[in-house]
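Asker: Structure file model.cif (mmCIF, C-alpha atoms) right here:
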data_my_file
#
loop_
_atom_site.label_atom_id
_atom_site.label_comp_id
_atom_site.auth_asym_id
_atom_site.auth_seq_id
_atom_site.Cartn_x
_atom_site.Cartn_y
_atom_site.Cartn_z
CA MET A 1 -156.47 231.65 44.82
CA LEU A 2 -155.95 227.94 44.19
CA ASP A 3 -159.02 227.84 41.90
CA THR A 4 -157.63 230.84 40.03
CA MET A 5 -154.25 229.16 39.56
CA LYS A 6 -156.02 226.14 38.08
CA LYS A 7 -157.90 228.42 35.68
CA LEU A 8 -154.67 230.17 34.64
CA ASP A 9 -153.21 226.76 33.86
CA GLU A 10 -156.28 225.82 31.81
CA THR A 11 -156.23 228.97 29.68
CA GLY A 12 -152.48 229.11 29.13
CA GLN A 13 -152.65 232.89 29.57
CA ARG A 14 -151.06 234.88 32.38
CA ILE A 15 -154.16 236.94 33.10
CA LEU A 16 -157.82 236.45 34.03
CA PHE A 17 -160.65 238.98 34.08
CA ILE A 18 -163.26 239.09 36.83
CA ALA A 19 -166.38 240.23 35.01
CA PRO A 20 -169.75 239.33 36.56
CA GLU A 21 -172.42 239.51 33.84
CA GLY A 22 -169.67 240.63 31.47
CA LYS A 23 -168.86 243.87 33.31
CA LEU A 24 -165.17 244.34 34.10
CA LYS A 25 -164.62 244.41 37.84
CA ALA A 26 -161.01 243.32 38.35
CA VAL A 27 -158.09 241.47 36.82
CA VAL A 28 -155.63 238.99 38.28
CA THR A 29 -152.32 237.82 36.83
CA ASP A 30 -149.95 235.03 37.78
CA GLY A 31 -147.66 237.78 39.06
CA ASP A 32 -150.40 239.14 41.36
CA ILE A 33 -150.86 235.69 42.89
CA ARG A 34 -147.11 235.18 43.22
CA LYS A 35 -146.71 238.47 45.10
CA CYS A 36 -149.64 237.65 47.40
CA ILE A 37 -148.21 234.24 48.28
CA LEU A 38 -144.78 235.71 48.94
CA ARG A 39 -146.47 238.14 51.35
CA GLY A 40 -147.77 235.13 53.27
CA GLY A 41 -151.13 234.66 51.57
CA ALA A 42 -152.58 231.15 51.70
CA LEU A 43 -153.71 229.19 48.63
CA SER A 44 -157.12 228.88 50.29
CA ALA A 45 -157.40 232.67 50.67
CA PRO A 46 -160.07 234.59 48.71
CA LEU A 47 -158.97 236.07 45.43
CA THR A 48 -159.70 239.57 46.73
CA GLN A 49 -156.29 239.43 48.44
CA ALA A 50 -154.53 239.28 45.07
CA ALA A 51 -156.83 240.81 42.43
CA ASN A 52 -156.41 244.31 41.01
CA TYR A 53 -159.71 246.19 41.32
CA HIS A 54 -158.46 249.19 39.34
CA PRO A 55 -157.62 247.57 35.99
CA HIS A 56 -156.62 249.38 32.83
CA SER A 57 -159.09 249.33 29.93
CA LEU A 58 -160.08 251.24 26.80
CA PRO A 59 -163.51 252.17 25.42
CA VAL A 60 -164.51 250.67 22.11
CA SER A 61 -164.11 254.05 20.42
CA GLU A 62 -160.41 254.12 21.37
CA ARG A 63 -159.47 250.57 20.43
CA GLY A 64 -156.95 251.90 17.93
CA ARG A 65 -154.77 253.04 20.85
CA ALA A 66 -154.45 249.51 22.25
CA ARG A 67 -150.97 248.86 20.86
CA ALA A 68 -149.57 252.11 22.23
CA GLU A 69 -151.25 251.58 25.61
CA LEU A 70 -149.96 248.03 25.97
CA GLN A 71 -146.47 249.30 25.27
CA ARG A 72 -146.78 252.33 27.56
CA LEU A 73 -148.21 250.37 30.48
CA GLY A 74 -146.05 247.29 30.02
CA ILE A 75 -148.98 244.89 30.42
CA ASP A 76 -149.97 241.69 28.63
CA ALA A 77 -153.62 242.39 27.81
CA LEU A 78 -156.08 245.25 27.58
CA PRO A 79 -159.87 244.79 27.78
CA ILE A 80 -162.06 246.85 25.45
CA LEU A 81 -165.33 248.00 27.06
CA ASP A 82 -168.64 249.25 25.74
CA LYS A 83 -170.42 252.22 27.33
CA HIS A 84 -171.89 249.95 30.01
CA GLY A 85 -168.47 248.58 31.07
CA VAL A 86 -169.03 245.22 29.42
CA ILE A 87 -165.97 243.54 27.88
CA THR A 88 -166.44 243.39 24.12
CA ASP A 89 -162.88 242.41 23.21
CA ILE A 90 -159.46 241.78 24.73
CA VAL A 91 -156.29 242.85 22.95
CA PHE A 92 -153.33 240.67 23.94
CA ALA A 93 -149.75 241.86 23.63
CA GLY A 94 -148.82 238.79 21.58
CA GLY A 95 -151.57 239.60 19.09
CA VAL A 96 -150.22 243.05 18.33
CA ASP A 97 -146.53 242.15 18.50
CA VAL A 98 -145.74 244.05 21.69
CA ASP A 99 -142.81 242.68 23.71
CA ASN A 100 -143.08 243.69 27.37
CA ARG A 101 -140.47 241.26 28.66
CA LYS A 102 -137.65 242.62 30.77
CA LYS A 103 -134.24 242.05 29.15
CA VAL A 104 -131.30 240.75 31.13
CA ASP A 105 -127.81 239.90 29.86
CA ILE A 106 -126.20 237.72 32.50
CA PRO A 107 -124.43 234.37 32.00
CA VAL A 108 -126.29 231.07 31.83
CA VAL A 109 -124.68 227.94 33.28
CA MET A 110 -126.14 224.55 32.37
CA MET A 111 -125.34 221.38 34.26
CA ALA A 112 -125.12 218.97 31.32
CA GLY A 113 -122.84 216.15 32.38
CA GLY A 114 -125.20 213.53 33.76
CA LEU A 115 -125.83 210.05 32.38
CA GLY A 116 -129.57 210.61 31.91
CA THR A 117 -130.36 207.09 33.11
CA ARG A 118 -134.09 207.82 33.43
CA LEU A 119 -134.21 208.39 29.65
CA TYR A 120 -132.51 205.12 28.77
CA PRO A 121 -132.27 203.73 26.04
CA TYR A 122 -132.27 207.16 24.31
CA THR A 123 -129.26 208.22 26.35
CA LYS A 124 -127.34 205.10 25.38
CA ILE A 125 -126.99 206.78 21.99
CA LEU A 126 -127.31 210.51 22.75
CA PRO A 127 -126.40 212.57 25.79
CA LYS A 128 -129.48 214.03 27.46
CA PRO A 129 -128.80 217.64 26.32
CA LEU A 130 -129.08 216.47 22.70
CA ILE A 131 -132.33 214.49 23.06
CA PRO A 132 -134.63 216.04 20.44
CA VAL A 133 -137.90 217.66 21.47
CA GLY A 134 -139.56 218.33 18.14
CA GLU A 135 -136.97 219.68 15.71
CA GLN A 136 -134.39 220.83 18.27
CA PRO A 137 -132.48 219.20 21.12
CA ILE A 138 -133.57 220.20 24.61
CA ALA A 139 -130.37 222.15 25.42
CA GLU A 140 -130.79 224.34 22.33
CA LEU A 141 -134.42 225.04 23.24
CA ILE A 142 -133.38 226.07 26.75
CA PHE A 143 -130.64 228.38 25.48
CA SER A 144 -133.02 229.93 22.93
CA ARG A 145 -135.44 230.93 25.69
CA PHE A 146 -132.67 232.59 27.68
CA ARG A 147 -131.46 234.28 24.48
CA ASP A 148 -134.95 235.71 23.93
CA PHE A 149 -134.45 237.67 27.15
CA GLY A 150 -131.02 239.01 26.21
CA CYS A 151 -128.63 236.34 27.53
CA ARG A 152 -125.72 235.79 25.15
CA HIS A 153 -123.08 233.92 27.16
CA MET A 154 -123.78 230.24 27.87
CA THR A 155 -121.57 227.73 29.67
CA MET A 156 -122.12 223.98 29.74
CA ILE A 157 -120.53 221.74 32.36
CA VAL A 158 -120.14 218.51 30.40
CA ASN A 159 -119.04 214.95 31.08
CA TYR A 160 -120.96 212.05 29.49
CA LYS A 161 -120.58 212.01 25.67
CA ARG A 162 -119.15 215.53 25.86
CA GLY A 163 -117.63 215.27 22.38
CA MET A 164 -121.05 214.99 20.75
CA ILE A 165 -122.34 218.02 22.69
CA LYS A 166 -119.34 220.15 21.74
CA SER A 167 -119.59 219.16 18.07
CA TYR A 168 -123.28 219.99 17.88
CA PHE A 169 -122.94 223.49 19.27
CA ALA A 170 -119.75 224.16 17.30
CA ASP A 171 -121.67 223.54 14.06
CA LEU A 172 -124.86 225.32 15.15
CA GLU A 173 -125.62 228.75 13.70
CA LYS A 174 -126.40 230.92 16.72
CA ASP A 175 -126.12 234.49 17.99
CA TYR A 176 -124.78 233.54 21.41
CA THR A 177 -121.59 231.92 22.65
CA VAL A 178 -121.28 228.51 24.29
CA ASP A 179 -118.23 227.65 26.42
CA PHE A 180 -117.54 224.19 27.81
CA ILE A 181 -116.17 223.08 31.17
CA ASP A 182 -115.04 219.45 31.34
CA GLU A 183 -116.12 217.53 34.42
CA ASP A 184 -113.85 214.48 34.42
CA VAL A 185 -115.44 212.91 37.52
CA PHE A 186 -119.17 213.05 38.24
CA MET A 187 -119.64 215.61 41.02
CA GLY A 188 -123.42 215.96 41.21
CA THR A 189 -125.70 218.81 40.17
CA GLY A 190 -123.84 221.25 42.41
CA GLY A 191 -120.28 219.98 42.66
CA GLY A 192 -119.38 220.92 39.10
CA LEU A 193 -119.71 224.61 39.97
CA CYS A 194 -116.27 224.46 41.58
CA LEU A 195 -114.84 224.22 38.05
CA LEU A 196 -116.04 227.79 37.40
CA LYS A 197 -113.85 229.38 40.08
CA GLY A 198 -112.40 232.65 38.82
CA ARG A 199 -114.77 232.75 35.83
CA MET A 200 -117.97 234.24 37.28
CA ASP A 201 -118.01 237.93 38.22
CA SER A 202 -121.78 238.50 38.11
CA PRO A 203 -124.98 236.72 39.11
CA PHE A 204 -125.91 233.95 36.69
CA PHE A 205 -128.79 231.68 35.76
CA PHE A 206 -128.11 228.07 36.71
CA THR A 207 -130.23 225.40 35.02
CA ASN A 208 -130.60 221.69 34.54
CA CYS A 209 -130.47 220.45 30.95
CA ASP A 210 -133.98 218.96 30.96
CA THR A 211 -136.21 221.85 32.08
CA LEU A 212 -138.13 224.35 29.93
CA LEU A 213 -139.78 227.27 31.71
CA ASP A 214 -142.28 229.74 30.28
CA LEU A 215 -141.52 232.78 32.39
CA ASP A 216 -140.08 236.28 32.26
CA TYR A 217 -136.41 235.72 33.09
CA GLY A 218 -135.88 239.46 33.35
CA ASP A 219 -138.53 239.67 36.06
CA LEU A 220 -136.95 236.68 37.83
CA TYR A 221 -133.58 238.45 37.89
CA GLN A 222 -135.08 241.71 39.13
CA TYR A 223 -136.88 239.80 41.88
CA HIS A 224 -133.61 238.12 42.90
CA LYS A 225 -131.75 241.44 43.15
CA ALA A 226 -134.60 243.32 44.85
CA HIS A 227 -134.74 240.72 47.64
CA GLY A 228 -130.98 240.50 48.12
CA ASN A 229 -130.92 236.72 47.77
CA LEU A 230 -127.76 234.67 47.56
CA VAL A 231 -129.75 232.08 45.59
CA THR A 232 -133.27 232.27 44.18
CA MET A 233 -134.94 228.97 43.33
CA VAL A 234 -137.73 228.82 40.74
CA CYS A 235 -140.53 226.65 42.15
CA ALA A 236 -143.69 225.43 40.43
CA PHE A 237 -147.00 224.96 42.23
CA LYS A 238 -148.25 221.40 41.92
CA HIS A 239 -151.83 220.36 42.56
CA TYR A 240 -152.25 216.62 42.88
CA VAL A 241 -155.34 214.56 43.63
CA VAL A 242 -154.55 211.19 45.19
CA PRO A 243 -156.69 208.75 43.17
CA TYR A 244 -157.45 206.57 46.22
CA GLY A 245 -159.01 206.85 49.62
CA VAL A 246 -156.25 207.48 52.18
CA VAL A 247 -156.28 205.86 55.63
CA GLU A 248 -154.21 207.08 58.58
CA LEU A 249 -153.32 204.57 61.26
CA GLY A 250 -153.62 205.31 64.94
CA GLU A 251 -151.13 204.23 67.61
CA ASP A 252 -153.22 201.18 68.49
CA GLY A 253 -153.38 199.96 64.91
CA GLY A 254 -156.89 201.30 64.41
CA ILE A 255 -158.07 203.94 61.96
CA ALA A 256 -157.21 207.45 63.06
CA ALA A 257 -158.66 209.19 60.00
CA MET A 258 -159.92 208.53 56.48
CA ARG A 259 -159.86 210.91 53.52
CA GLU A 260 -161.40 210.18 50.15
CA LYS A 261 -159.08 211.20 47.28
CA PRO A 262 -157.33 214.01 49.16
CA GLU A 263 -155.91 216.97 47.26
CA LEU A 264 -152.31 218.00 47.82
CA ASN A 265 -150.75 221.37 47.03
CA PHE A 266 -147.02 221.89 47.18
CA LEU A 267 -144.08 223.71 45.61
CA THR A 268 -141.65 221.75 43.45
CA ASN A 269 -138.06 222.68 42.65
CA THR A 270 -137.81 223.15 38.86
CA GLY A 271 -134.01 222.98 38.80
CA VAL A 272 -133.59 226.60 37.65
CA TYR A 273 -131.92 229.22 39.85
CA VAL A 274 -130.34 232.66 39.99
CA VAL A 275 -127.02 232.38 41.80
CA GLU A 276 -124.56 234.95 43.11
CA PRO A 277 -120.90 234.42 42.07
CA ARG A 278 -119.83 234.04 45.73
CA VAL A 279 -121.42 230.59 45.72
CA VAL A 280 -118.97 229.45 43.03
CA GLU A 281 -115.93 230.85 44.84
CA GLU A 282 -116.94 229.12 48.07
CA MET A 283 -117.46 225.68 46.51
CA LYS A 284 -115.04 222.98 47.68
CA MET A 285 -112.88 221.63 44.88
CA GLY A 286 -113.80 218.08 43.96
CA GLU A 287 -116.78 217.86 46.34
CA VAL A 288 -119.59 215.59 45.16
CA ILE A 289 -122.84 217.36 46.06
CA GLY A 290 -126.27 218.19 44.69
CA PHE A 291 -127.19 221.84 44.35
CA PRO A 292 -130.19 221.52 46.72
CA ASP A 293 -127.67 220.38 49.37
CA VAL A 294 -125.55 223.45 48.63
CA ILE A 295 -128.64 225.59 49.22
CA ASP A 296 -129.39 223.79 52.49
CA ARG A 297 -125.86 224.49 53.66
CA TYR A 298 -126.32 228.21 53.09
CA ARG A 299 -129.77 228.20 54.70
CA ALA A 300 -128.33 226.55 57.81
CA ALA A 301 -125.70 229.30 57.91
CA GLY A 302 -128.43 231.98 57.86
CA GLU A 303 -127.87 233.13 54.29
CA LYS A 304 -130.83 234.50 52.33
CA VAL A 305 -132.29 231.99 49.90
CA GLY A 306 -135.61 232.79 48.23
CA ILE A 307 -138.15 231.22 45.91
CA TYR A 308 -139.81 232.53 42.78
CA PRO A 309 -143.14 230.67 42.39
CA ILE A 310 -144.66 229.95 38.98
CA ASN A 311 -147.74 228.09 37.77
CA GLU A 312 -147.49 224.40 36.98
CA SER A 313 -148.33 225.07 33.33
CA SER A 314 -145.21 227.24 33.01
CA TRP A 315 -142.92 224.27 33.74
CA MET A 316 -142.01 221.46 31.37
CA ASP A 317 -139.60 218.74 32.46
CA MET A 318 -138.28 215.84 30.40
CA GLY A 319 -136.38 213.98 33.09
CA GLN A 320 -138.47 210.85 32.51
CA MET A 321 -139.78 209.20 29.35
CA GLU A 322 -143.45 210.04 29.88
CA GLU A 323 -142.57 213.65 30.69
CA LEU A 324 -140.54 213.87 27.48
CA GLU A 325 -143.60 212.89 25.46
CA LYS A 326 -145.74 215.45 27.32
CA MET A 327 -143.19 218.15 26.53
CA ARG A 328 -143.19 217.24 22.84
CA ARG A 329 -146.98 217.40 22.67
CA LYS A 330 -147.12 220.73 24.50
CA LEU A 331 -144.52 222.32 22.22
CA GLU A 332 -146.43 221.08 19.17
CA GLN A 333 -149.57 222.79 20.48
CA GLN A 334 -147.66 226.04 21.04
CA SER A 335 -146.10 226.08 17.56
#
Translate this file's structure into structure tokens.
Answerer:
Amino acid sequence: MLDTMKKLDETGQRILFIAPEGKLKAVVTDGDIRKCILRGGALSAPLTQAANYHPHSLPVSERGRARAELQRLGIDALPILDKHGVITDIVFAGGVDVDNRKKVDIPVVMMAGGLGTRLYPYTKILPKPLIPVGEQPIAELIFSRFRDFGCRHMTMIVNYKRGMIKSYFADLEKDYTVDFIDEDVFMGTGGGLCLLKGRMDSPFFFTNCDTLLDLDYGDLYQYHKAHGNLVTMVCAFKHYVVPYGVVELGEDGGIAAMREKPELNFLTNTGVYVVEPRVVEEMKMGEVIGFPDVIDRYRAAGEKVGIYPINESSWMDMGQMEELEKMRRKLEQQS
């Protein structure tokens, strides 16, 4: 499954076809892998644990029905087969303007009050939410992605250079609303939620102001509700190869083990969550705390906190200067 995740990242698509000698045998999507992992499947497990061996397809003679079939089945791609079962073409939903994304209209809360010190000197002039990535500031790009899935009510918790942020969104032509909550004292990535007491009566998306995700937010919300989570954290798989030989010391100062360029696989918190309104009401007024610490507090109390895993290629973060440049290049390639 790990090799398949790497291939999904390379292609930029959410689906792969298993077709020995060109003959369609099975398909696997990022969603199939996510479900398998959440069932306890290991990254080293064979792909047979996740793949769908009864995929949908159309014969060449019925290619004209591809649009209707994509829409009816709610899938991203449909292989076209010749009479021998060989793939001759693949019709992707994006290519025929079919939108299979699940819509969800719940509030979006953005933590946008930090100093953005890792992006200095840019943030000496602009607050991090207004740092441009291409032709738009990062906060506008984030809101646009949520808006594409039906979200229309955005709230920004602001502090540093808040006047500039408010002015920008006041002048921006948009089909969604943006409300502002002033954080007069820095309270961390979680503490500012106490300022929303009495305002949240439904689950909401909670996001940092420097993270762009390429995922189906409607599916994320449905997953959160189906599992009865108090908080669902979006996590990205990271595959990292240590560029050096690694030596482990034994108790006597000798070498216990040596590994040449070991590979590490782990889940990383993207800073995007689905949160139940009870979390806001139970926040302590004025407490300085990071949201991961809020989650740990609930976990220790036995509350249900879940993860929603995504591929590394679906996550773009601009928290540091080099990551900002990577995000700009990636968005240019997508446009």
Asker: In Å, with one decimal, what is the gap from atom CA of A:Phe17 to atom CA of A:Glu69?
Answerer: 17.9 Å
Asker: Report, in Å to a single decimal, how far apart atom CA of A:Asn208 and atom CA of A:Gly116 are.
Answerer: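 Result for atom CA of A:Gly116 versus atom CA of A:Asn208: 11.4 Å, one decimal.
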Asker: Hey, which of A:Arg162, A:Glu276, A:Pro243, A:Leu230 ends up closest to A:Gly302? Count all atoms listed in the file.
Answerer: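 When distances to A:Gly302 are compared using all atoms listed in the file, the smallest one comes from A:Leu230.
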Asker: Between A:Asn311, A:Val280, A:Glu135, A:Val234, which has the minimum distance to A:Thr29 (counting all atoms listed in the file)?
Answerer: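 Nearest candidate to A:Thr29 out of A:Asn311, A:Val280, A:Glu135, A:Val234: A:Asn311.
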Asker: Which residues match the PyMOL selection byres ((chain A and resi 191) around 9) in the file above, as a count of residues only?
Answerer: 19
Asker: Quick one: residues within 8 Å of A:Cys235, all atoms listed in the file, excluding same-chain residues fewer than 5 positions away - as a list in words?
Answerer: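 So the residues in contact are Leu267, Thr268, Asn269, Thr270, Ile307, Tyr308, Pro309 and Ile310 of chain A.
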Asker: Report as a list of chain:residue names the full result of the PyMOL selection byres ((chain A and resi 258) around 10) when it is applied to this structure.
Answerer: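 When the PyMOL selection byres ((chain A and resi 258) around 10) is applied, the selected residues are A:Gly245, A:Val246, A:Val247, A:Glu248, A:Leu249, A:Ile255, A:Ala256, A:Ala257, A:Arg259, A:Glu260, A:Lys261, A:Pro262.
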Asker: Just so the selection is clear, what residues does the PyMOL selection byres ((chain A and resi 82) around 10) cover here, as a list of chain:residue names?
Answerer: A:Lys23, A:Leu58, A:Pro59, A:Val60, A:Ser61, A:Ile80, A:Leu81, A:Lys83, A:His84, A:Gly85, A:Val86, A:Ile87, A:Thr88, A:Asp89
Asker: As a list in words, please: the residues near A:Pro203 (cut-off 12 Å, all atoms listed in the file, same-chain neighbours under 6 positions excluded).
Answerer: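 Once the nearby chain positions are removed, what remains is Val104, Asp105, Ile106, Pro107, Val108, Val109, Tyr221, Gln222, His224, Lys225, Gly228, Asn229, Leu230, Val231, Thr232, Tyr273, Val274, Val275, Glu276, Pro277, Arg278, Val279 and Val280 of chain A.
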Asker: Can you tell me how far atom CA of A:Met5 sits from atom CA of A:Phe237, in Å to one decimal?
Answerer: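 Spanning atom CA of A:Met5 to atom CA of A:Phe237 is a straight-line distance of 8.8 Å.
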Asker: Fewer than 4 positions away in the same chain doesn't count, so skip those; otherwise give me all residues within 10 Å of A:Asp148, counting all atoms listed in the file, as a list in words.
Answerer: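 These residues fall inside the cut-off: Arg101, Lys103, Val104, Phe143, Ser144, Arg152, Asp216 and Tyr217 of chain A.
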Asker: Nearest to A:Arg328 among A:Ile125, A:Gln13, A:Ile142, A:Val133, with distances taken over all atoms listed in the file: which residue is it?
Answerer: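 Ranking A:Ile125, A:Gln13, A:Ile142, A:Val133 by distance to A:Arg328, first place goes to A:Val133.
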Asker: Which residue out of A:Thr117, A:Ile15, A:Leu43, A:Leu213 has the minimum interatomic distance to A:Met1 when all atoms listed in the file are used?
Answerer: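 Checking each candidate against A:Met1, we get A:Leu43 as the closest.
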